[in-house]
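The data block below is coords.txt; it holds compact mmCIF, N, CA and C atoms.
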```
# COMPACT_ATOMS: atom_id res chain seq x y z
N MET W 1230 -8.90 -10.42 16.92
CA MET W 1230 -7.83 -11.35 16.66
C MET W 1230 -6.50 -10.59 16.64
N MET W 1231 -5.53 -11.09 17.36
CA MET W 1231 -4.24 -10.41 17.45
C MET W 1231 -3.27 -10.99 16.42
N ALA W 1232 -2.56 -10.11 15.72
CA ALA W 1232 -1.58 -10.56 14.73
C ALA W 1232 -0.37 -11.15 15.44
N LYS W 1233 0.23 -12.16 14.84
CA LYS W 1233 1.43 -12.75 15.40
C LYS W 1233 2.61 -11.84 15.09
N THR W 1234 3.45 -11.65 16.10
CA THR W 1234 4.65 -10.84 15.92
C THR W 1234 5.68 -11.64 15.14
N ILE W 1235 6.30 -10.99 14.19
CA ILE W 1235 7.34 -11.62 13.39
C ILE W 1235 8.69 -11.27 14.00
N HIS W 1236 9.54 -12.29 14.15
CA HIS W 1236 10.86 -12.12 14.76
C HIS W 1236 11.94 -12.42 13.73
N LEU W 1237 13.16 -11.95 14.00
CA LEU W 1237 14.29 -12.26 13.13
C LEU W 1237 14.44 -13.77 12.99
N GLY W 1238 14.68 -14.23 11.79
CA GLY W 1238 14.83 -15.65 11.51
C GLY W 1238 13.56 -16.33 11.06
N ASP W 1239 12.40 -15.68 11.27
CA ASP W 1239 11.13 -16.28 10.85
C ASP W 1239 11.02 -16.29 9.32
N TRP W 1240 10.30 -17.27 8.81
CA TRP W 1240 10.02 -17.37 7.37
C TRP W 1240 8.72 -16.64 7.11
N VAL W 1241 8.73 -15.78 6.10
CA VAL W 1241 7.59 -14.91 5.81
C VAL W 1241 7.29 -14.89 4.32
N THR W 1242 6.08 -14.47 3.98
CA THR W 1242 5.77 -14.06 2.62
C THR W 1242 5.69 -12.54 2.66
N TYR W 1243 6.05 -11.90 1.55
CA TYR W 1243 6.11 -10.44 1.54
C TYR W 1243 5.96 -9.90 0.13
N LYS W 1244 5.66 -8.61 0.06
CA LYS W 1244 5.60 -7.90 -1.22
C LYS W 1244 6.90 -7.12 -1.38
N PRO W 1245 7.73 -7.45 -2.37
CA PRO W 1245 8.99 -6.72 -2.56
C PRO W 1245 8.75 -5.24 -2.86
N ARG W 1246 9.67 -4.40 -2.44
CA ARG W 1246 9.59 -2.96 -2.68
C ARG W 1246 10.74 -2.53 -3.58
N ALA W 1247 10.50 -1.53 -4.40
CA ALA W 1247 11.55 -0.93 -5.22
C ALA W 1247 12.34 0.05 -4.34
N THR W 1248 13.49 0.49 -4.79
CA THR W 1248 14.30 1.41 -3.99
C THR W 1248 13.63 2.75 -3.76
N ASN W 1249 12.66 3.11 -4.60
CA ASN W 1249 11.94 4.37 -4.40
C ASN W 1249 10.76 4.20 -3.43
N GLY W 1250 10.56 2.99 -2.89
CA GLY W 1250 9.51 2.75 -1.90
C GLY W 1250 8.22 2.20 -2.47
N ASN W 1251 8.07 2.19 -3.79
CA ASN W 1251 6.85 1.65 -4.39
C ASN W 1251 6.88 0.13 -4.41
N THR W 1252 5.70 -0.50 -4.32
CA THR W 1252 5.62 -1.94 -4.44
C THR W 1252 5.95 -2.34 -5.87
N LYS W 1253 6.72 -3.42 -6.02
CA LYS W 1253 7.01 -3.94 -7.35
C LYS W 1253 5.77 -4.70 -7.81
N VAL W 1254 4.87 -4.00 -8.46
CA VAL W 1254 3.55 -4.51 -8.80
C VAL W 1254 3.62 -5.77 -9.66
N SER W 1255 4.61 -5.85 -10.54
CA SER W 1255 4.67 -6.97 -11.46
C SER W 1255 5.08 -8.28 -10.77
N GLU W 1256 5.57 -8.20 -9.55
CA GLU W 1256 6.03 -9.40 -8.87
C GLU W 1256 4.98 -9.95 -7.92
N ALA W 1257 4.83 -11.27 -7.92
CA ALA W 1257 3.94 -11.93 -6.98
C ALA W 1257 4.60 -11.92 -5.60
N PRO W 1258 3.82 -12.12 -4.54
CA PRO W 1258 4.43 -12.20 -3.21
C PRO W 1258 5.54 -13.26 -3.17
N GLN W 1259 6.61 -12.94 -2.48
CA GLN W 1259 7.77 -13.80 -2.39
C GLN W 1259 7.84 -14.44 -1.01
N ALA W 1260 8.69 -15.45 -0.86
CA ALA W 1260 8.92 -16.07 0.44
C ALA W 1260 10.39 -15.92 0.77
N GLY W 1261 10.69 -15.75 2.05
CA GLY W 1261 12.07 -15.62 2.48
C GLY W 1261 12.18 -15.59 3.98
N GLN W 1262 13.41 -15.40 4.47
CA GLN W 1262 13.69 -15.39 5.90
C GLN W 1262 14.02 -13.97 6.34
N LEU W 1263 13.35 -13.52 7.40
CA LEU W 1263 13.55 -12.17 7.91
C LEU W 1263 14.92 -12.07 8.56
N ILE W 1264 15.77 -11.14 8.07
CA ILE W 1264 17.13 -11.03 8.61
C ILE W 1264 17.40 -9.69 9.29
N GLU W 1265 16.53 -8.70 9.09
CA GLU W 1265 16.76 -7.40 9.72
C GLU W 1265 15.45 -6.65 9.83
N GLN W 1266 15.31 -5.87 10.91
CA GLN W 1266 14.18 -4.97 11.09
C GLN W 1266 14.74 -3.65 11.61
N HIS W 1267 14.27 -2.53 11.06
CA HIS W 1267 14.67 -1.23 11.58
C HIS W 1267 13.61 -0.18 11.24
N LEU W 1268 13.74 0.98 11.84
CA LEU W 1268 12.80 2.07 11.61
C LEU W 1268 13.39 3.06 10.62
N GLU W 1269 12.58 3.51 9.69
CA GLU W 1269 12.93 4.59 8.78
C GLU W 1269 11.80 5.61 8.83
N ASN W 1270 12.10 6.78 9.37
CA ASN W 1270 11.10 7.85 9.50
C ASN W 1270 9.84 7.36 10.22
N GLY W 1271 10.00 6.55 11.24
CA GLY W 1271 8.87 6.07 12.04
C GLY W 1271 8.14 4.87 11.47
N THR W 1272 8.60 4.34 10.34
CA THR W 1272 7.97 3.18 9.71
C THR W 1272 8.90 1.97 9.84
N THR W 1273 8.35 0.83 10.27
CA THR W 1273 9.16 -0.38 10.40
C THR W 1273 9.42 -0.98 9.03
N VAL W 1274 10.69 -1.21 8.75
CA VAL W 1274 11.13 -1.79 7.48
C VAL W 1274 11.77 -3.14 7.76
N ASN W 1275 11.44 -4.14 6.97
CA ASN W 1275 12.01 -5.48 7.10
C ASN W 1275 12.92 -5.76 5.92
N ILE W 1276 14.04 -6.41 6.19
CA ILE W 1276 14.93 -6.91 5.15
C ILE W 1276 14.78 -8.43 5.14
N VAL W 1277 14.43 -8.98 3.98
CA VAL W 1277 14.15 -10.41 3.85
C VAL W 1277 15.13 -11.03 2.85
N HIS W 1278 15.74 -12.14 3.24
CA HIS W 1278 16.63 -12.90 2.35
C HIS W 1278 15.76 -13.92 1.63
N ASN W 1279 15.64 -13.78 0.30
CA ASN W 1279 14.72 -14.65 -0.44
C ASN W 1279 15.39 -15.92 -0.94
N ALA W 1280 14.60 -16.80 -1.51
CA ALA W 1280 15.08 -18.10 -1.99
C ALA W 1280 16.08 -17.97 -3.13
N LYS W 1281 16.09 -16.84 -3.82
CA LYS W 1281 17.03 -16.61 -4.92
C LYS W 1281 18.39 -16.13 -4.42
N GLY W 1282 18.51 -15.92 -3.11
CA GLY W 1282 19.77 -15.48 -2.54
C GLY W 1282 19.96 -13.98 -2.49
N HIS W 1283 18.89 -13.22 -2.72
CA HIS W 1283 18.96 -11.76 -2.70
C HIS W 1283 18.26 -11.23 -1.45
N ASN W 1284 18.63 -10.02 -1.05
CA ASN W 1284 17.96 -9.36 0.06
C ASN W 1284 16.99 -8.33 -0.50
N ASP W 1285 15.74 -8.41 -0.09
CA ASP W 1285 14.71 -7.45 -0.49
C ASP W 1285 14.28 -6.67 0.74
N TRP W 1286 13.83 -5.45 0.53
CA TRP W 1286 13.25 -4.72 1.64
C TRP W 1286 11.76 -4.54 1.41
N THR W 1287 11.03 -4.52 2.51
CA THR W 1287 9.58 -4.42 2.46
C THR W 1287 9.09 -3.77 3.73
N LEU W 1288 7.90 -3.25 3.70
CA LEU W 1288 7.30 -2.70 4.91
C LEU W 1288 6.83 -3.85 5.80
N ALA W 1289 6.93 -3.66 7.10
CA ALA W 1289 6.54 -4.70 8.05
C ALA W 1289 5.08 -5.11 7.85
N LYS W 1290 4.22 -4.15 7.49
CA LYS W 1290 2.80 -4.47 7.32
C LYS W 1290 2.55 -5.35 6.11
N HIS W 1291 3.54 -5.51 5.22
CA HIS W 1291 3.38 -6.35 4.04
C HIS W 1291 4.00 -7.73 4.22
N CYS W 1292 4.41 -8.07 5.45
CA CYS W 1292 4.97 -9.40 5.75
C CYS W 1292 3.95 -10.23 6.50
N GLN W 1293 3.87 -11.52 6.15
CA GLN W 1293 3.00 -12.44 6.87
C GLN W 1293 3.82 -13.65 7.29
N LEU W 1294 3.64 -14.04 8.54
CA LEU W 1294 4.39 -15.16 9.10
C LEU W 1294 3.97 -16.48 8.42
N VAL W 1295 4.96 -17.26 8.00
CA VAL W 1295 4.70 -18.60 7.45
C VAL W 1295 5.04 -19.63 8.51
N LYS W 1296 6.25 -19.56 9.06
CA LYS W 1296 6.63 -20.44 10.16
C LYS W 1296 7.79 -19.83 10.92
N ARG W 1297 7.92 -20.23 12.18
CA ARG W 1297 9.00 -19.75 13.02
C ARG W 1297 10.33 -20.29 12.56
N GLY W 1298 11.37 -19.52 12.71
CA GLY W 1298 12.71 -19.94 12.33
C GLY W 1298 13.73 -19.27 13.22
N THR W 1299 15.00 -19.58 12.99
CA THR W 1299 16.09 -18.95 13.73
C THR W 1299 17.20 -18.58 12.76
N LEU W 1300 17.98 -17.60 13.14
CA LEU W 1300 19.13 -17.22 12.32
C LEU W 1300 20.35 -17.96 12.78
```
Encoding of this model in structure tokens:
Amino acid sequence: MMAKTIHLGDWVTYKPRATNGNTKVSEAPQAGQLIEQHLENGTTVNIVHNAKGHNDWTLAKHCQLVKRGTL
């Protein structure tokens, strides 16, 4: 089974990350809109704008597509 590619503007669920790179364990998975993707040291990082109006960063492997969207 092939994973669906996530594109900018798509709505995703994700695990928020702390600034030191660790998963914020106390937080449940969040939902938001993917607004940026870039590489850091060979790892794909996603920036997600959440329903609370904040931008969170997460690893691409921790994002799951909910529905297609546009920016």
Among the residues W:Leu1300, W:Gln1293, W:His1236, W:His1283, the one that comes closest to His1267 of chain W [using only C-alpha atoms]
W:His1236
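Of the residues listed (W:Thr1234, W:Gln1259, W:Thr1242, W:Thr1273), W:Thr1242 shows the shortest atom-to-atom separation from Val1295 of chain W; distances use all atoms listed in the file.
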Centre and size of axis-aligned box enclosing segment 1283-1295 of chain W plus 6 Å each side, as AutoDock Vina command-line options:
```
--center_x 10.8 --center_y -11.2 --center_z 3.2 --size_x 28.4 --size_y 28.9 --size_z 23.8
```
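Ranking W:Lys1233, W:Val1241, W:Pro1258, W:His1291 by their shortest atom-to-atom distance to His1278 of chain W, with only C-alpha atoms included, puts W:Val1241 first.
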Running DSSP on the backbone, which parts of chain W land in strand (DSSP E or B), as number ranges by chain?
W: 1240-1243, 1246, 1252, 1259-1269, 1272-1279, 1284-1288, 1292-1296
For segment 1236-1249 of chain W in the structure I just supplied, write out N, CA, C and O atoms - as an mmCIF file, in the first residue's frame.
```cif
data_model
loop_
_atom_site.group_PDB
_atom_site.id
_atom_site.type_symbol
_atom_site.label_atom_id
_atom_site.label_comp_id
_atom_site.auth_asym_id
_atom_site.auth_seq_id
_atom_site.Cartn_x
_atom_site.Cartn_y
_atom_site.Cartn_z
ATOM 1 N N HIS W 1236 0.556 17.553 0.509
ATOM 2 C CA HIS W 1236 0.950 18.768 -0.194
ATOM 3 C C HIS W 1236 0.620 19.988 0.652
ATOM 4 O O HIS W 1236 -0.223 19.925 1.558
ATOM 5 N N LEU W 1237 1.247 21.121 0.338
ATOM 6 C CA LEU W 1237 0.938 22.370 1.030
ATOM 7 C C LEU W 1237 -0.550 22.670 0.910
ATOM 8 O O LEU W 1237 -1.139 22.503 -0.153
ATOM 9 N N GLY W 1238 -1.151 23.090 1.994
ATOM 10 C CA GLY W 1238 -2.577 23.401 2.028
ATOM 11 C C GLY W 1238 -3.441 22.253 2.502
ATOM 12 O O GLY W 1238 -4.602 22.454 2.855
ATOM 13 N N ASP W 1239 -2.900 21.029 2.520
ATOM 14 C CA ASP W 1239 -3.681 19.873 2.972
ATOM 15 C C ASP W 1239 -3.923 19.946 4.478
ATOM 16 O O ASP W 1239 -3.116 20.482 5.237
ATOM 17 N N TRP W 1240 -5.041 19.388 4.900
ATOM 18 C CA TRP W 1240 -5.376 19.286 6.329
ATOM 19 C C TRP W 1240 -4.832 17.967 6.840
ATOM 20 O O TRP W 1240 -5.024 16.919 6.232
ATOM 21 N N VAL W 1241 -4.127 18.021 7.963
ATOM 22 C CA VAL W 1241 -3.436 16.852 8.500
ATOM 23 C C VAL W 1241 -3.661 16.730 10.002
ATOM 24 O O VAL W 1241 -4.042 17.690 10.665
ATOM 25 N N THR W 1242 -3.424 15.529 10.520
ATOM 26 C CA THR W 1242 -3.250 15.349 11.955
ATOM 27 C C THR W 1242 -1.764 15.132 12.159
ATOM 28 O O THR W 1242 -1.077 14.591 11.297
ATOM 29 N N TYR W 1243 -1.252 15.561 13.312
ATOM 30 C CA TYR W 1243 0.184 15.497 13.538
ATOM 31 C C TYR W 1243 0.500 15.469 15.030
ATOM 32 O O TYR W 1243 -0.340 15.793 15.858
ATOM 33 N N LYS W 1244 1.727 15.067 15.332
ATOM 34 C CA LYS W 1244 2.231 15.088 16.706
ATOM 35 C C LYS W 1244 3.121 16.322 16.843
ATOM 36 O O LYS W 1244 4.151 16.419 16.181
ATOM 37 N N PRO W 1245 2.734 17.300 17.679
ATOM 38 C CA PRO W 1245 3.559 18.501 17.849
ATOM 39 C C PRO W 1245 4.943 18.163 18.400
ATOM 40 O O PRO W 1245 5.100 17.214 19.154
ATOM 41 N N ARG W 1246 5.931 18.955 18.025
ATOM 42 C CA ARG W 1246 7.305 18.772 18.493
ATOM 43 C C ARG W 1246 7.724 19.975 19.321
ATOM 44 O O ARG W 1246 7.312 21.097 19.064
ATOM 45 N N ALA W 1247 8.558 19.748 20.308
ATOM 46 C CA ALA W 1247 9.149 20.835 21.092
ATOM 47 C C ALA W 1247 10.321 21.418 20.302
ATOM 48 O O ALA W 1247 10.795 20.812 19.342
ATOM 49 N N THR W 1248 10.807 22.573 20.689
ATOM 50 C CA THR W 1248 11.911 23.199 19.960
ATOM 51 C C THR W 1248 13.198 22.388 20.018
ATOM 52 O O THR W 1248 14.054 22.533 19.161
ATOM 53 N N ASN W 1249 13.326 21.499 21.000
ATOM 54 C CA ASN W 1249 14.519 20.652 21.073
ATOM 55 C C ASN W 1249 14.369 19.384 20.222
ATOM 56 O O ASN W 1249 15.240 18.536 20.210
#
```
